[in-house]
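J.: Coordinates in upload-v4.txt, compact mmCIF, N, CA and C atoms, are listed below.
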# COMPACT_ATOMS: atom_id res chain seq x y z
N MET A 119 -26.67 -19.28 47.37
CA MET A 119 -26.89 -17.99 46.78
C MET A 119 -26.46 -18.04 45.31
N GLN A 120 -27.29 -17.52 44.55
CA GLN A 120 -27.03 -17.55 43.11
C GLN A 120 -26.16 -16.36 42.71
N LYS A 121 -25.12 -16.65 41.93
CA LYS A 121 -24.22 -15.58 41.47
C LYS A 121 -24.65 -15.12 40.09
N LEU A 122 -24.59 -13.87 39.91
CA LEU A 122 -24.87 -13.32 38.59
C LEU A 122 -23.56 -13.00 37.90
N LEU A 123 -23.47 -13.40 36.68
CA LEU A 123 -22.29 -13.09 35.90
C LEU A 123 -22.52 -11.81 35.13
N LYS A 124 -21.58 -10.94 35.27
CA LYS A 124 -21.65 -9.70 34.50
C LYS A 124 -20.74 -9.85 33.29
N VAL A 125 -21.34 -9.77 32.14
CA VAL A 125 -20.58 -9.91 30.90
C VAL A 125 -20.40 -8.51 30.30
N GLU A 126 -19.16 -8.16 30.11
CA GLU A 126 -18.88 -6.87 29.49
C GLU A 126 -18.83 -7.07 27.99
N ARG A 127 -19.70 -6.39 27.31
CA ARG A 127 -19.75 -6.52 25.86
C ARG A 127 -18.96 -5.38 25.23
N LYS A 128 -17.94 -5.74 24.53
CA LYS A 128 -17.17 -4.75 23.78
C LYS A 128 -17.58 -4.85 22.32
N PHE A 129 -17.65 -3.74 21.69
CA PHE A 129 -17.97 -3.82 20.28
C PHE A 129 -16.69 -3.69 19.48
N THR A 130 -16.76 -4.22 18.31
CA THR A 130 -15.61 -4.22 17.42
C THR A 130 -15.88 -3.27 16.28
N ARG A 131 -14.86 -2.54 15.93
CA ARG A 131 -14.97 -1.60 14.82
C ARG A 131 -14.24 -2.20 13.63
N TYR A 132 -14.91 -2.21 12.50
CA TYR A 132 -14.33 -2.74 11.26
C TYR A 132 -14.12 -1.60 10.28
N HIS A 133 -12.95 -1.50 9.75
CA HIS A 133 -12.67 -0.55 8.67
C HIS A 133 -12.60 -1.37 7.39
N ILE A 134 -13.53 -1.14 6.49
CA ILE A 134 -13.59 -1.87 5.22
C ILE A 134 -13.20 -0.92 4.10
N SER A 135 -12.22 -1.32 3.31
CA SER A 135 -11.81 -0.50 2.17
C SER A 135 -12.08 -1.24 0.88
N LEU A 136 -12.68 -0.55 -0.05
CA LEU A 136 -12.90 -1.07 -1.40
C LEU A 136 -11.89 -0.37 -2.29
N ILE A 137 -10.99 -1.14 -2.88
CA ILE A 137 -9.92 -0.59 -3.69
C ILE A 137 -10.17 -0.96 -5.14
N LYS A 138 -10.35 0.05 -5.97
CA LYS A 138 -10.56 -0.16 -7.40
C LYS A 138 -9.20 -0.24 -8.05
N LEU A 139 -8.98 -1.33 -8.79
CA LEU A 139 -7.71 -1.52 -9.48
C LEU A 139 -7.76 -0.83 -10.83
N GLY A 140 -6.66 -0.20 -11.21
CA GLY A 140 -6.57 0.46 -12.51
C GLY A 140 -6.65 -0.56 -13.63
N LYS A 141 -6.95 -0.11 -14.80
CA LYS A 141 -7.07 -0.99 -15.97
C LYS A 141 -5.69 -1.49 -16.38
N GLN A 142 -5.42 -2.74 -16.07
CA GLN A 142 -4.14 -3.38 -16.39
C GLN A 142 -4.41 -4.79 -16.91
N PRO A 143 -3.53 -5.32 -17.74
CA PRO A 143 -3.75 -6.65 -18.30
C PRO A 143 -3.84 -7.76 -17.25
N VAL A 144 -3.19 -7.58 -16.13
CA VAL A 144 -3.22 -8.62 -15.11
C VAL A 144 -4.63 -8.85 -14.57
N PHE A 145 -5.49 -7.83 -14.67
CA PHE A 145 -6.83 -7.95 -14.13
C PHE A 145 -7.87 -8.29 -15.20
N ASP A 146 -7.48 -8.33 -16.47
CA ASP A 146 -8.42 -8.66 -17.53
C ASP A 146 -8.83 -10.12 -17.50
N ASN A 147 -7.88 -11.00 -17.30
CA ASN A 147 -8.16 -12.43 -17.27
C ASN A 147 -7.46 -13.03 -16.06
N VAL A 148 -8.23 -13.24 -15.01
CA VAL A 148 -7.68 -13.70 -13.75
C VAL A 148 -7.00 -15.06 -13.90
N GLU A 149 -7.60 -15.96 -14.66
CA GLU A 149 -7.05 -17.32 -14.80
C GLU A 149 -5.66 -17.31 -15.45
N GLU A 150 -5.45 -16.43 -16.42
CA GLU A 150 -4.17 -16.37 -17.11
C GLU A 150 -3.06 -15.77 -16.25
N HIS A 151 -3.42 -14.97 -15.28
CA HIS A 151 -2.44 -14.24 -14.49
C HIS A 151 -2.52 -14.57 -13.00
N LEU A 152 -2.83 -15.81 -12.68
CA LEU A 152 -2.93 -16.20 -11.28
C LEU A 152 -1.64 -15.97 -10.51
N ASP A 153 -0.50 -16.25 -11.12
CA ASP A 153 0.79 -16.05 -10.44
C ASP A 153 1.01 -14.57 -10.10
N SER A 154 0.70 -13.69 -11.05
CA SER A 154 0.87 -12.26 -10.81
C SER A 154 -0.08 -11.76 -9.73
N LEU A 155 -1.33 -12.22 -9.78
CA LEU A 155 -2.30 -11.82 -8.76
C LEU A 155 -1.91 -12.37 -7.39
N SER A 156 -1.41 -13.59 -7.37
CA SER A 156 -0.95 -14.19 -6.11
C SER A 156 0.20 -13.37 -5.53
N GLU A 157 1.12 -12.97 -6.39
CA GLU A 157 2.25 -12.14 -5.96
C GLU A 157 1.75 -10.80 -5.42
N LEU A 158 0.79 -10.20 -6.11
CA LEU A 158 0.22 -8.93 -5.67
C LEU A 158 -0.46 -9.09 -4.31
N PHE A 159 -1.27 -10.14 -4.15
CA PHE A 159 -1.97 -10.36 -2.89
C PHE A 159 -0.99 -10.62 -1.75
N ASN A 160 0.07 -11.37 -2.02
CA ASN A 160 1.08 -11.62 -0.99
C ASN A 160 1.75 -10.32 -0.57
N ALA A 161 2.07 -9.47 -1.54
CA ALA A 161 2.69 -8.18 -1.25
C ALA A 161 1.75 -7.29 -0.43
N ILE A 162 0.47 -7.26 -0.81
CA ILE A 162 -0.50 -6.45 -0.07
C ILE A 162 -0.69 -6.99 1.33
N SER A 163 -0.78 -8.29 1.46
CA SER A 163 -0.97 -8.92 2.76
C SER A 163 0.20 -8.62 3.70
N LYS A 164 1.42 -8.66 3.18
CA LYS A 164 2.60 -8.38 4.00
C LYS A 164 2.71 -6.90 4.36
N SER A 165 2.43 -6.02 3.41
CA SER A 165 2.64 -4.60 3.66
C SER A 165 1.49 -3.96 4.44
N CYS A 166 0.26 -4.37 4.17
CA CYS A 166 -0.90 -3.74 4.80
C CYS A 166 -1.42 -4.50 6.02
N GLU A 167 -1.15 -5.78 6.08
CA GLU A 167 -1.58 -6.66 7.17
C GLU A 167 -3.07 -6.52 7.50
N PRO A 168 -3.94 -6.75 6.52
CA PRO A 168 -5.38 -6.66 6.80
C PRO A 168 -5.89 -7.89 7.53
N PHE A 169 -7.05 -7.75 8.17
CA PHE A 169 -7.73 -8.87 8.81
C PHE A 169 -8.27 -9.82 7.74
N ALA A 170 -8.77 -9.25 6.65
CA ALA A 170 -9.29 -10.05 5.53
C ALA A 170 -8.96 -9.33 4.23
N LEU A 171 -8.76 -10.14 3.18
CA LEU A 171 -8.39 -9.61 1.87
C LEU A 171 -9.07 -10.46 0.82
N ALA A 172 -9.74 -9.83 -0.15
CA ALA A 172 -10.45 -10.60 -1.18
C ALA A 172 -10.46 -9.84 -2.50
N LEU A 173 -10.50 -10.59 -3.58
CA LEU A 173 -10.64 -10.03 -4.92
C LEU A 173 -12.10 -10.18 -5.31
N TYR A 174 -12.69 -9.10 -5.81
CA TYR A 174 -14.08 -9.15 -6.24
C TYR A 174 -14.18 -8.71 -7.68
N ASP A 175 -14.71 -9.54 -8.53
CA ASP A 175 -15.01 -9.21 -9.92
C ASP A 175 -13.78 -8.74 -10.70
N SER A 176 -12.61 -9.20 -10.34
CA SER A 176 -11.32 -8.90 -10.97
C SER A 176 -11.02 -7.41 -11.10
N LYS A 177 -11.83 -6.57 -10.48
CA LYS A 177 -11.61 -5.13 -10.56
C LYS A 177 -11.43 -4.49 -9.19
N TYR A 178 -11.82 -5.19 -8.14
CA TYR A 178 -11.82 -4.60 -6.81
C TYR A 178 -11.13 -5.52 -5.82
N ILE A 179 -10.40 -4.92 -4.90
CA ILE A 179 -9.86 -5.63 -3.76
C ILE A 179 -10.61 -5.13 -2.54
N LEU A 180 -11.11 -6.05 -1.74
CA LEU A 180 -11.75 -5.70 -0.48
C LEU A 180 -10.75 -6.00 0.63
N MET A 181 -10.56 -5.03 1.52
CA MET A 181 -9.63 -5.17 2.61
C MET A 181 -10.34 -4.77 3.90
N ALA A 182 -10.21 -5.58 4.94
CA ALA A 182 -10.87 -5.29 6.21
C ALA A 182 -9.85 -5.26 7.34
N TYR A 183 -10.04 -4.32 8.25
CA TYR A 183 -9.23 -4.19 9.45
C TYR A 183 -10.16 -4.21 10.64
N VAL A 184 -9.71 -4.77 11.75
CA VAL A 184 -10.51 -4.82 12.97
C VAL A 184 -9.76 -4.08 14.06
N THR A 185 -10.48 -3.19 14.76
CA THR A 185 -9.89 -2.49 15.90
C THR A 185 -10.91 -2.43 17.02
N GLN A 186 -10.44 -2.43 18.23
CA GLN A 186 -11.32 -2.27 19.39
C GLN A 186 -11.41 -0.78 19.69
N GLY A 187 -12.55 -0.34 20.10
CA GLY A 187 -12.65 1.06 20.45
C GLY A 187 -14.07 1.55 20.49
N SER A 188 -14.26 2.79 20.53
CA SER A 188 -15.58 3.39 20.61
C SER A 188 -16.11 3.88 19.29
N GLY A 189 -16.24 4.32 18.52
CA GLY A 189 -16.74 4.73 17.24
C GLY A 189 -15.66 5.14 16.29
N THR A 190 -16.03 5.73 15.25
CA THR A 190 -15.07 6.19 14.24
C THR A 190 -15.57 7.48 13.64
N ASN A 191 -14.71 8.18 12.97
CA ASN A 191 -15.14 9.40 12.32
C ASN A 191 -14.50 9.49 10.93
N ALA A 192 -14.92 10.49 10.19
CA ALA A 192 -14.46 10.63 8.80
C ALA A 192 -12.96 10.88 8.73
N GLN A 193 -12.41 11.61 9.70
CA GLN A 193 -10.98 11.89 9.70
C GLN A 193 -10.16 10.61 9.89
N GLU A 194 -10.58 9.74 10.80
CA GLU A 194 -9.89 8.47 11.02
C GLU A 194 -9.96 7.60 9.76
N ALA A 195 -11.11 7.60 9.10
CA ALA A 195 -11.26 6.80 7.88
C ALA A 195 -10.34 7.33 6.78
N ALA A 196 -10.26 8.65 6.63
CA ALA A 196 -9.38 9.25 5.62
C ALA A 196 -7.92 8.94 5.92
N GLU A 197 -7.54 9.01 7.19
CA GLU A 197 -6.16 8.69 7.57
C GLU A 197 -5.83 7.23 7.24
N LYS A 198 -6.79 6.34 7.50
CA LYS A 198 -6.58 4.93 7.20
C LYS A 198 -6.44 4.73 5.68
N GLN A 199 -7.23 5.44 4.89
CA GLN A 199 -7.12 5.34 3.43
C GLN A 199 -5.73 5.76 2.96
N PHE A 200 -5.22 6.87 3.46
CA PHE A 200 -3.88 7.33 3.08
C PHE A 200 -2.81 6.32 3.50
N GLU A 201 -2.99 5.75 4.68
CA GLU A 201 -2.05 4.74 5.18
C GLU A 201 -2.05 3.52 4.26
N ILE A 202 -3.22 3.06 3.85
CA ILE A 202 -3.33 1.90 2.96
C ILE A 202 -2.71 2.22 1.60
N LEU A 203 -3.06 3.36 1.02
CA LEU A 203 -2.53 3.72 -0.30
C LEU A 203 -1.01 3.82 -0.30
N ALA A 204 -0.44 4.31 0.80
CA ALA A 204 1.02 4.43 0.88
C ALA A 204 1.70 3.07 0.91
N LYS A 205 1.00 2.05 1.40
CA LYS A 205 1.60 0.72 1.54
C LYS A 205 1.34 -0.20 0.36
N LEU A 206 0.42 0.14 -0.51
CA LEU A 206 0.09 -0.73 -1.64
C LEU A 206 1.24 -0.79 -2.64
N PRO A 207 1.48 -1.95 -3.23
CA PRO A 207 2.54 -2.05 -4.26
C PRO A 207 2.23 -1.14 -5.44
N VAL A 208 3.27 -0.54 -6.00
CA VAL A 208 3.07 0.39 -7.12
C VAL A 208 3.18 -0.30 -8.48
N GLN A 209 3.65 -1.55 -8.48
CA GLN A 209 3.74 -2.30 -9.74
C GLN A 209 3.65 -3.79 -9.47
N VAL A 210 3.32 -4.52 -10.52
CA VAL A 210 3.23 -5.97 -10.45
C VAL A 210 3.97 -6.54 -11.66
N SER A 211 4.54 -7.72 -11.49
CA SER A 211 5.28 -8.36 -12.57
C SER A 211 4.35 -9.23 -13.39
N ILE A 212 4.26 -8.93 -14.69
CA ILE A 212 3.45 -9.72 -15.62
C ILE A 212 4.36 -10.15 -16.76
N SER A 213 4.51 -11.45 -16.91
CA SER A 213 5.38 -12.00 -17.97
C SER A 213 6.76 -11.35 -17.93
N ASN A 214 7.33 -11.28 -16.75
CA ASN A 214 8.66 -10.70 -16.51
C ASN A 214 8.76 -9.22 -16.87
N THR A 215 7.65 -8.53 -16.89
CA THR A 215 7.62 -7.09 -17.15
C THR A 215 6.94 -6.41 -15.97
N GLN A 216 7.54 -5.36 -15.45
CA GLN A 216 6.93 -4.61 -14.35
C GLN A 216 5.87 -3.66 -14.90
N VAL A 217 4.64 -3.83 -14.42
CA VAL A 217 3.52 -3.02 -14.88
C VAL A 217 3.02 -2.19 -13.70
N PRO A 218 2.90 -0.86 -13.89
CA PRO A 218 2.40 -0.02 -12.79
C PRO A 218 0.92 -0.28 -12.52
N ILE A 219 0.52 -0.09 -11.28
CA ILE A 219 -0.88 -0.28 -10.88
C ILE A 219 -1.40 1.03 -10.32
N ASP A 220 -2.59 1.42 -10.77
CA ASP A 220 -3.29 2.58 -10.23
C ASP A 220 -4.38 2.09 -9.29
N TYR A 221 -4.65 2.84 -8.24
CA TYR A 221 -5.67 2.48 -7.28
C TYR A 221 -6.60 3.66 -7.03
N ALA A 222 -7.83 3.36 -6.71
CA ALA A 222 -8.78 4.33 -6.17
C ALA A 222 -9.38 3.65 -4.94
N ILE A 223 -9.62 4.38 -3.88
CA ILE A 223 -10.05 3.76 -2.63
C ILE A 223 -11.26 4.48 -2.05
N SER A 224 -12.16 3.71 -1.47
CA SER A 224 -13.24 4.28 -0.67
C SER A 224 -13.39 3.36 0.53
N SER A 225 -13.90 3.90 1.61
CA SER A 225 -13.94 3.13 2.86
C SER A 225 -15.30 3.23 3.53
N LEU A 226 -15.49 2.29 4.43
CA LEU A 226 -16.72 2.18 5.19
C LEU A 226 -16.34 1.68 6.57
N SER A 227 -16.90 2.23 7.58
CA SER A 227 -16.67 1.75 8.94
C SER A 227 -17.94 1.12 9.46
N LEU A 228 -17.79 -0.07 10.03
CA LEU A 228 -18.92 -0.80 10.60
C LEU A 228 -18.61 -1.10 12.06
N THR A 229 -19.63 -1.16 12.88
CA THR A 229 -19.47 -1.49 14.27
C THR A 229 -20.43 -2.61 14.62
N GLY A 230 -19.96 -3.59 15.39
CA GLY A 230 -20.82 -4.70 15.78
C GLY A 230 -20.30 -5.37 17.04
N TYR A 231 -21.14 -6.19 17.63
CA TYR A 231 -20.76 -6.94 18.83
C TYR A 231 -20.28 -8.31 18.45
Would you encode the structure as structure tokens?
T.:
Amino acid sequence: MQKLLKVERKFTRYHISLIKLGKQPVFDNVEEHLDSLSELFNAISKSCEPFALALYDSKYILMAYVTQGSGTNAQEAAEKQFEILAKLPVQVSISNTQVPIDYAISSLSLTGY
């Protein structure tokens, strides 16, 4: 007798945040400030614990989170944005000087198998 396997497909929900970095010297020339950017990324990675983290065009940080569940709504996305903003570092060290960082955030939720 042939057995049929029942595969339960769960979908994964991805919360993607695009974070615009404020105009600061550390982001003007990435090559000159690799140590400062590395420090910033390490701080963000430790405090926010994203699934993925990337710098795009020296002006944007892309951050992704993965959660299991059924869909998402605008309220959950807004709550996640506030949670992320509260955890982001407020300053970065450039040439032994603490420089404040401003952020703007927008988010997108994606669902896939």
J.: What does the distance from atom CA of Ser227 of chain A to atom CA of Lys141 of chain A come to in Å, to one decimal?
T.: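 Atom CA of Ser227 of chain A sits 26.8 Å away from atom CA of Lys141 of chain A.
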J.: With only C-alpha atoms as the counted atoms, please give the residues lying no more than 9 Å from segment 168-181 of chain A, apart from itself and same-chain residues fewer than 3 positions off, as a list of chain:residue names.
T.: A:His133, A:Ile134, A:Ser135, A:Leu136, A:Ile137, A:Lys138, A:Leu139, A:Gly140, A:Lys141, A:Phe145, A:Asp146, A:Asn147, A:Val148, A:Phe159, A:Ile162, A:Ser163, A:Lys164, A:Ser165, A:Val184
J.: One number please: atom CA of Leu203 of chain A to atom N of Leu152 of chain A, in Å, one decimal.
T.: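 Separating atom CA of Leu203 of chain A from atom N of Leu152 of chain A is a distance of 23.1 Å.
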J.: Which of these residues is nearest to Ile202 of chain A, using only N, CA and C atoms: A:Cys166, A:Leu155, A:Ala182, A:Ala161?
T.: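 Using only N, CA and C atoms, Ile202 of chain A sits closest to A:Cys166.
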J.: Interatomic distance between atom CA of Ala195 of chain A and atom CA of Leu228 of chain A?
T.: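 Answer for the atom CA of Ala195 of chain A to atom CA of Leu228 of chain A separation: 11.1 Å.
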J.: Find, counting all atoms listed in the file, the residue in A:Val217, A:Leu226, A:Tyr132, A:Ser211 that gets nearest to Ser154 of chain A.
T.: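 Closest to Ser154 of chain A of all the choices is A:Ser211.
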J.: Rank A:Glu150, A:Ser156, A:Ser225, A:Lys205 by their smallest atom-to-atom distance to Gln193 of chain A, using only C-alpha atoms, and report the top residue only.
T.: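 Checking each of A:Glu150, A:Ser156, A:Ser225, A:Lys205 against Gln193 of chain A, counting only C-alpha atoms, the winner is A:Ser225.
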